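First up is the structure itself, then whatever we jot down about it.
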Amino acid sequence: MLTISVAEIAALVGGEVQGDGGLACHRIGPLATADGATVSFLSHPRYRAQLDASGAGCVLVQPELRDAVGERPASVLVADPYHAFALLTQWWARQVQPAVVPGVHPSAVVEAGAVVHAEAHVGPLAYVGPGARIDRGAVVSAQAHVGRDAVVGEWTRLMPRATLLDGCRIGARGLVHGGAVIGADGFGFAPHGGQWVKIEQLGTVRIGDDVEIGANTCIDRGALEDTVIEDGVKLDNLVQIGHNVRVGAHSAFAGCVGVAGSARIGRHCTAGGGAIILGHLELVDHVHVTAATVITRSILKPGQYSGLFPFDDNAAWEKNAATLRQLHTLRERLRALEKKT
Amino acid sequence: MLTISVAEIAALVGGEVQGDGGLACHRIGPLATADGATVSFLSHPRYRAQLDASGAGCVLVQPELRDAVGERPASVLVADPYHAFALLTQWWARQVQPAVVPGVHPSAVVEAGAVVHAEAHVGPLAYVGPGARIDRGAVVSAQAHVGRDAVVGEWTRLMPRATLLDGCRIGARGLVHGGAVIGADGFGFAPHGGQWVKIEQLGTVRIGDDVEIGANTCIDRGALEDTVIEDGVKLDNLVQIGHNVRVGAHSAFAGCVGVAGSARIGRHCTAGGGAIILGHLELVDHVHVTAATVITRSILKPGQYSGLFPFDDNAAWEKNAATLRQLHTLRERLRALEKKT
Amino acid sequence: MLTISVAEIAALVGGEVQGDGGLACHRIGPLATADGATVSFLSHPRYRAQLDASGAGCVLVQPELRDAVGERPASVLVADPYHAFALLTQWWARQVQPAVVPGVHPSAVVEAGAVVHAEAHVGPLAYVGPGARIDRGAVVSAQAHVGRDAVVGEWTRLMPRATLLDGCRIGARGLVHGGAVIGADGFGFAPHGGQWVKIEQLGTVRIGDDVEIGANTCIDRGALEDTVIEDGVKLDNLVQIGHNVRVGAHSAFAGCVGVAGSARIGRHCTAGGGAIILGHLELVDHVHVTAATVITRSILKPGQYSGLFPFDDNAAWEKNAATLRQLHTLRERLRALEKKT
């Protein structure tokens, strides 16, 4: 069982102990299910009712709420409790995750000309192509794939069955989840006589540092130049990034987002689940796209953008949808009435 | 060539033979392409015209339709012909599918401390991590992955390249299709100084009995507690289930559905293809979401819910969509007119 | 460094040299970043401003634009420059891609009864099931999977971790990208007593010649008959094709498209990213579906069809969406006014 004292938590997150610094915490948990040996957190003052009802032995709260923690044995005052909670999960993970074992598993295939750092790990049944480079502390997990001349930066982990194809590069401290495919061909064809003639995709994918890529997410290689994912980008599962896209630093896309070819996404942008960004357009920095919204033209002003059909019970929706198909006519009728009166 | 007599079919599905019980059937097929050696079925009386036109030697029909089967040699009367058809396909599959060969293929990697039941199968190039447990009759197919301390229940099959990551558990009689990733990290980050600080995902995924999971579907591990998929759930391909989601028993989601983190889905719910359910909300039992609908708030009443833009030819859509962007103004103008008249 | 002379380019694409046929080109690139050793192309006269500004040493242009190429050393006149560019990328790829090495890698598992052509390649850690056939020039890349009795046609390439399951067949000159799953079970269940009873999927997937299938795309096997992808079809990444679907020749679907079971898609159709086509319906030849559009009924007339909610800044969208939920009522109010005046 893991143990961390309240005083150790405070030191870890840069906070101030209130109450019993020696209290031992054995779990991190949400307020609702926390007991006396659990450390929990209040991410926002609006959830204060949950705080009152929680049995957590220790809570991370903002200094302003120092009097709101109630009778519990301990609390840690910290400016950003949610960030503190993130740091605490990282400490926890370091205790429970098995250490990286340097070396190449005997069942892995590492081609001649690949360079695997002595402190890197290549797992069972993994493949590392000729000319590839696996840097210090990097992990190529079981059944993962690193193509010819591809590069895995320091401390980056490819999880089981992650795939980094020929010539693609990812920087340091990255995390690529299982099933992700980085560097498949972009979707490029010239129509010719009723058929599609393939445009070979001659670029690669370049990924910066501190990037996380979700399970079964796809990032296509560029047609002539490279597809680029800048530092600190976070992509959730089942995201599609087309060829020649550039995603600016510290942008984050939720699950099932699709970005079509040659789109240019700024820094610090976000897109909610299922959003689609069409190709050959530009989003400036700090653009936030609501879930399931389809962006069909460039956005040159920061802000939140939305466009989804509000759901309703089926009968109401059917009536409104039928009317929607005549909306233009309705406007004409309204205009006619306005002229009349 | 497989052969089943009409009498054997009737016994299998609990139906009553009408006509020649000795007739040999060599195929199961749809009404439209069936011949005299084919057994077919009428799932609903509204398709009766297809029945009349079909050359099927034997049909499964409801007792009420005993007179509608026409001149054909045989029929089987059964209360639920579609269910009977399902049972018949299961019989068929048992005849043609190769038997499970107990044992571990020599090319598989099974780590020390894993427990593989003597009657389970671990296929070529598969991986089974330390502490994992593969129960009786279970199949880990070629190139599949079972992580550290993961559990595959009795008679559950992981198809080629399916992935069950560290600590995740699936119950009995499950089926996980190729490319599915169960237990990748949930998408959790604390924003801090313009960057994203990772919240390590410390939970796992717990899956009940009789669950089917489609190809390339992703189910993320929980942040602190577990993501839970209850008994009898069916997920199609390319479905995304976020961290801490709970999907109630016997719910079914079609392809490309996305469910964001911490959503609580009831029992016997369904979602059509491409539907999106946002996070931190609740759907009670027996909620049915139409394809491509986005659920943005909790639904506390059973029923069918919809919200998709009705398609039209492009020119009509363009006019209506342009007007839609001024809909609020239209309402104001209508209101003004109403005051006037 | 690769080198191709302008005269060689003209011969390759069937064009006419203008200027210095001996000029050596070392790169193919877009007009915007081209230098004197780069061959570029003008796909459409509307981009002519880019041509004027480009430093490309050689450009591919239509004969009508022979006078528009400016001072640059050389150009190639050709009727369809975009097609010529595609041919040029193919030449380029042939120079840089490693040749196919015939033979089976020692780490691959090829089951007894499989037939691998002497000029085919089976890569590291790949799997080829019993009864499978790998034809001349075909490539089963590292960690790819070919199931029992499956067939890979001549010169077809399964990229790393592509999966062709039992009994499925792909024709000649195909390309299947990593993570694609061809032949997982279709999503078929009979509801019975509040539970789902599996309908075993007894069909396979049949794929024609010259088909490209994107990364992590899924094509399900048919329930009773086969799912069929005809010649020349191109599917992008993360596309879902349900059971019993037929996709007509030379149709192309962009990323994240979903096609539900038993849909019949004509020839030369296209669907933009994220479009959804519901099941049991028909699209005739030459139907074009706009990105993110949901097709809910058959389309019997060629043309472009659309249905997506136009995005707006969040505040404007919220007002319009709220009004949309009362649209039917608005129409009633308008009707009442019309009667009055």
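Here's how to read the names in the structure tokens: chain A, B, ... by the order shown, residue numbers from 1 in each chain, ligand numbers from 1 in the order shown.
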Using only C-alpha atoms, determine which residues lie at most 12 Å from Val139 in chain C, disregarding the query and same-chain residues fewer than 3 positions distant; provide the list as an NGL selection string. :C and (99-105 or 116-124 or 126 or 128 or 133-136 or 142-146 or 151-160 or 162 or 172-177)
Those of range 79-186 of chain B in DSSP helix (DSSP H, G or I), formatted as a VMD selection string: chain B and resid 81 to 96
Go ahead and write the residues just picked, N, CA and C atoms, as a PDB file, in the first residue's frame.
ATOM      1  N   PRO B  81     -38.775 -15.059 -35.318  1.00  0.00           N
ATOM      2  CA  PRO B  81     -37.915 -15.615 -36.378  1.00  0.00           C
ATOM      3  C   PRO B  81     -36.526 -14.986 -36.443  1.00  0.00           C
ATOM      4  N   TYR B  82     -36.413 -13.705 -36.060  1.00  0.00           N
ATOM      5  CA  TYR B  82     -35.102 -13.056 -36.128  1.00  0.00           C
ATOM      6  C   TYR B  82     -34.171 -13.661 -35.069  1.00  0.00           C
ATOM      7  N   HIS B  83     -34.723 -13.895 -33.891  1.00  0.00           N
ATOM      8  CA  HIS B  83     -33.951 -14.560 -32.837  1.00  0.00           C
ATOM      9  C   HIS B  83     -33.584 -15.986 -33.269  1.00  0.00           C
ATOM     10  N   ALA B  84     -34.539 -16.670 -33.897  1.00  0.00           N
ATOM     11  CA  ALA B  84     -34.270 -18.027 -34.378  1.00  0.00           C
ATOM     12  C   ALA B  84     -33.148 -18.017 -35.417  1.00  0.00           C
ATOM     13  N   PHE B  85     -33.180 -17.011 -36.274  1.00  0.00           N
ATOM     14  CA  PHE B  85     -32.122 -16.853 -37.266  1.00  0.00           C
ATOM     15  C   PHE B  85     -30.760 -16.664 -36.576  1.00  0.00           C
ATOM     16  N   ALA B  86     -30.746 -15.850 -35.517  1.00  0.00           N
ATOM     17  CA  ALA B  86     -29.498 -15.643 -34.777  1.00  0.00           C
ATOM     18  C   ALA B  86     -28.970 -16.973 -34.226  1.00  0.00           C
ATOM     19  N   LEU B  87     -29.865 -17.765 -33.643  1.00  0.00           N
ATOM     20  CA  LEU B  87     -29.446 -19.068 -33.104  1.00  0.00           C
ATOM     21  C   LEU B  87     -28.896 -19.966 -34.213  1.00  0.00           C
ATOM     22  N   LEU B  88     -29.523 -19.870 -35.371  1.00  0.00           N
ATOM     23  CA  LEU B  88     -29.087 -20.690 -36.495  1.00  0.00           C
ATOM     24  C   LEU B  88     -27.692 -20.272 -36.983  1.00  0.00           C
ATOM     25  N   THR B  89     -27.439 -18.962 -37.000  1.00  0.00           N
ATOM     26  CA  THR B  89     -26.089 -18.521 -37.400  1.00  0.00           C
ATOM     27  C   THR B  89     -25.053 -19.013 -36.393  1.00  0.00           C
ATOM     28  N   GLN B  90     -25.459 -19.074 -35.119  1.00  0.00           N
ATOM     29  CA  GLN B  90     -24.516 -19.552 -34.104  1.00  0.00           C
ATOM     30  C   GLN B  90     -24.206 -21.040 -34.331  1.00  0.00           C
ATOM     31  N   TRP B  91     -25.237 -21.816 -34.678  1.00  0.00           N
ATOM     32  CA  TRP B  91     -24.998 -23.231 -34.992  1.00  0.00           C
ATOM     33  C   TRP B  91     -24.032 -23.337 -36.176  1.00  0.00           C
ATOM     34  N   TRP B  92     -24.301 -22.539 -37.192  1.00  0.00           N
ATOM     35  CA  TRP B  92     -23.468 -22.552 -38.396  1.00  0.00           C
ATOM     36  C   TRP B  92     -22.007 -22.239 -38.052  1.00  0.00           C
ATOM     37  N   ALA B  93     -21.832 -21.191 -37.279  1.00  0.00           N
ATOM     38  CA  ALA B  93     -20.474 -20.768 -36.933  1.00  0.00           C
ATOM     39  C   ALA B  93     -19.731 -21.864 -36.171  1.00  0.00           C
ATOM     40  N   ARG B  94     -20.457 -22.559 -35.304  1.00  0.00           N
ATOM     41  CA  ARG B  94     -19.788 -23.632 -34.545  1.00  0.00           C
ATOM     42  C   ARG B  94     -19.286 -24.735 -35.469  1.00  0.00           C
ATOM     43  N   GLN B  95     -19.978 -24.958 -36.587  1.00  0.00           N
ATOM     44  CA  GLN B  95     -19.537 -26.008 -37.511  1.00  0.00           C
ATOM     45  C   GLN B  95     -18.302 -25.581 -38.298  1.00  0.00           C
ATOM     46  N   VAL B  96     -18.219 -24.294 -38.640  1.00  0.00           N
ATOM     47  CA  VAL B  96     -17.157 -23.878 -39.573  1.00  0.00           C
ATOM     48  C   VAL B  96     -15.929 -23.282 -38.879  1.00  0.00           C
TER      49      VAL B  96
END
Correct to one decimal, the distance CA of Glu332 in chain A-CA of Ser306 in chain C is 21.6 Å
Please, which residues in chain B fall within 6 Å of chain C when counting only C-alpha atoms, and what is the closest atom pair and distance in Å to one decimal for each, ordered by chain then residue number, as JSON lines?
{"residue": "B:Gly29", "atom": "CA", "partner": "C:Leu224", "partner_atom": "CA", "distance": 5.9}
{"residue": "B:His83", "atom": "CA", "partner": "C:Ala190", "partner_atom": "CA", "distance": 5.4}
{"residue": "B:Ala86", "atom": "CA", "partner": "C:Ile199", "partner_atom": "CA", "distance": 4.4}
{"residue": "B:Thr89", "atom": "CA", "partner": "C:Glu200", "partner_atom": "CA", "distance": 5.2}
{"residue": "B:Gln90", "atom": "CA", "partner": "C:Glu200", "partner_atom": "CA", "distance": 5.6}
{"residue": "B:His250", "atom": "CA", "partner": "C:Gln195", "partner_atom": "CA", "distance": 5.8}
{"residue": "B:Phe309", "atom": "CA", "partner": "C:Gly307", "partner_atom": "CA", "distance": 5.4}
{"residue": "B:Pro310", "atom": "CA", "partner": "C:Gly307", "partner_atom": "CA", "distance": 5.7}
{"residue": "B:Phe311", "atom": "CA", "partner": "C:Gly307", "partner_atom": "CA", "distance": 3.9}
{"residue": "B:Asp312", "atom": "CA", "partner": "C:Tyr305", "partner_atom": "CA", "distance": 5.6}
{"residue": "B:Asp313", "atom": "CA", "partner": "C:Tyr305", "partner_atom": "CA", "distance": 4.4}
{"residue": "B:Asn314", "atom": "CA", "partner": "C:Tyr305", "partner_atom": "CA", "distance": 4.8}
{"residue": "B:Leu327", "atom": "CA", "partner": "C:Asn320", "partner_atom": "CA", "distance": 5.4}
{"residue": "B:His328", "atom": "CA", "partner": "C:Asn320", "partner_atom": "CA", "distance": 5.0}
Emit the selected residues as a PDB file, in the first residue's frame, including C-alpha atoms.
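Okay, again00.pdb is ready:
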ATOM      1  CA  GLY B  29     -29.358 -16.636 -46.766  1.00  0.00           C
ATOM      2  CA  HIS B  83     -33.951 -14.560 -32.837  1.00  0.00           C
ATOM      3  CA  ALA B  86     -29.498 -15.643 -34.777  1.00  0.00           C
ATOM      4  CA  THR B  89     -26.089 -18.521 -37.400  1.00  0.00           C
ATOM      5  CA  GLN B  90     -24.516 -19.552 -34.104  1.00  0.00           C
ATOM      6  CA  HIS B 250     -27.196  -4.419 -22.321  1.00  0.00           C
ATOM      7  CA  PHE B 309     -29.289  18.626 -39.639  1.00  0.00           C
ATOM      8  CA  PRO B 310     -31.529  17.222 -42.399  1.00  0.00           C
ATOM      9  CA  PHE B 311     -29.536  16.931 -45.595  1.00  0.00           C
ATOM     10  CA  ASP B 312     -30.694  18.430 -48.869  1.00  0.00           C
ATOM     11  CA  ASP B 313     -29.259  19.126 -52.266  1.00  0.00           C
ATOM     12  CA  ASN B 314     -26.376  21.488 -51.820  1.00  0.00           C
ATOM     13  CA  LEU B 327     -32.659  32.764 -37.177  1.00  0.00           C
ATOM     14  CA  HIS B 328     -32.692  34.738 -33.966  1.00  0.00           C
TER      15      HIS B 328
END
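CA of Val211 in chain B is found 20.4 Å from CA of Ala215 in chain A.
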Can you tell me, as a PyMOL selection string, what residues are no more than 6 Å from Ala150 in chain A when counting only C-alpha atoms, ignoring any on the same chain fewer than 5 positions away? chain A and resi 132+166-169
Determine, counting only C-alpha atoms, which protein, DNA and RNA residues have an atom within 6 Å of an atom of Glu230 in chain A; residues of the same chain fewer than 2 positions away are not included. Present the result as a ChimeraX atom specification. /A:207-208,248-249
If you keep N, CA and C atoms, can you produce a file of those selected residues as a compact mmCIF listing (two decimals), in the first residue's frame?
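And here's part_5.txt as it stands now:
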# COMPACT_ATOMS: atom_id res chain seq x y z
N ILE A 207 7.17 15.66 -34.91
CA ILE A 207 6.44 15.90 -33.67
C ILE A 207 7.41 16.47 -32.64
N GLY A 208 6.97 17.52 -31.94
CA GLY A 208 7.83 18.20 -30.97
C GLY A 208 7.98 17.45 -29.65
N GLY A 248 -0.35 23.95 -33.79
CA GLY A 248 0.51 24.83 -33.00
C GLY A 248 0.69 24.35 -31.57
N ALA A 249 1.75 24.83 -30.95
CA ALA A 249 2.14 24.37 -29.62
C ALA A 249 1.01 24.49 -28.60
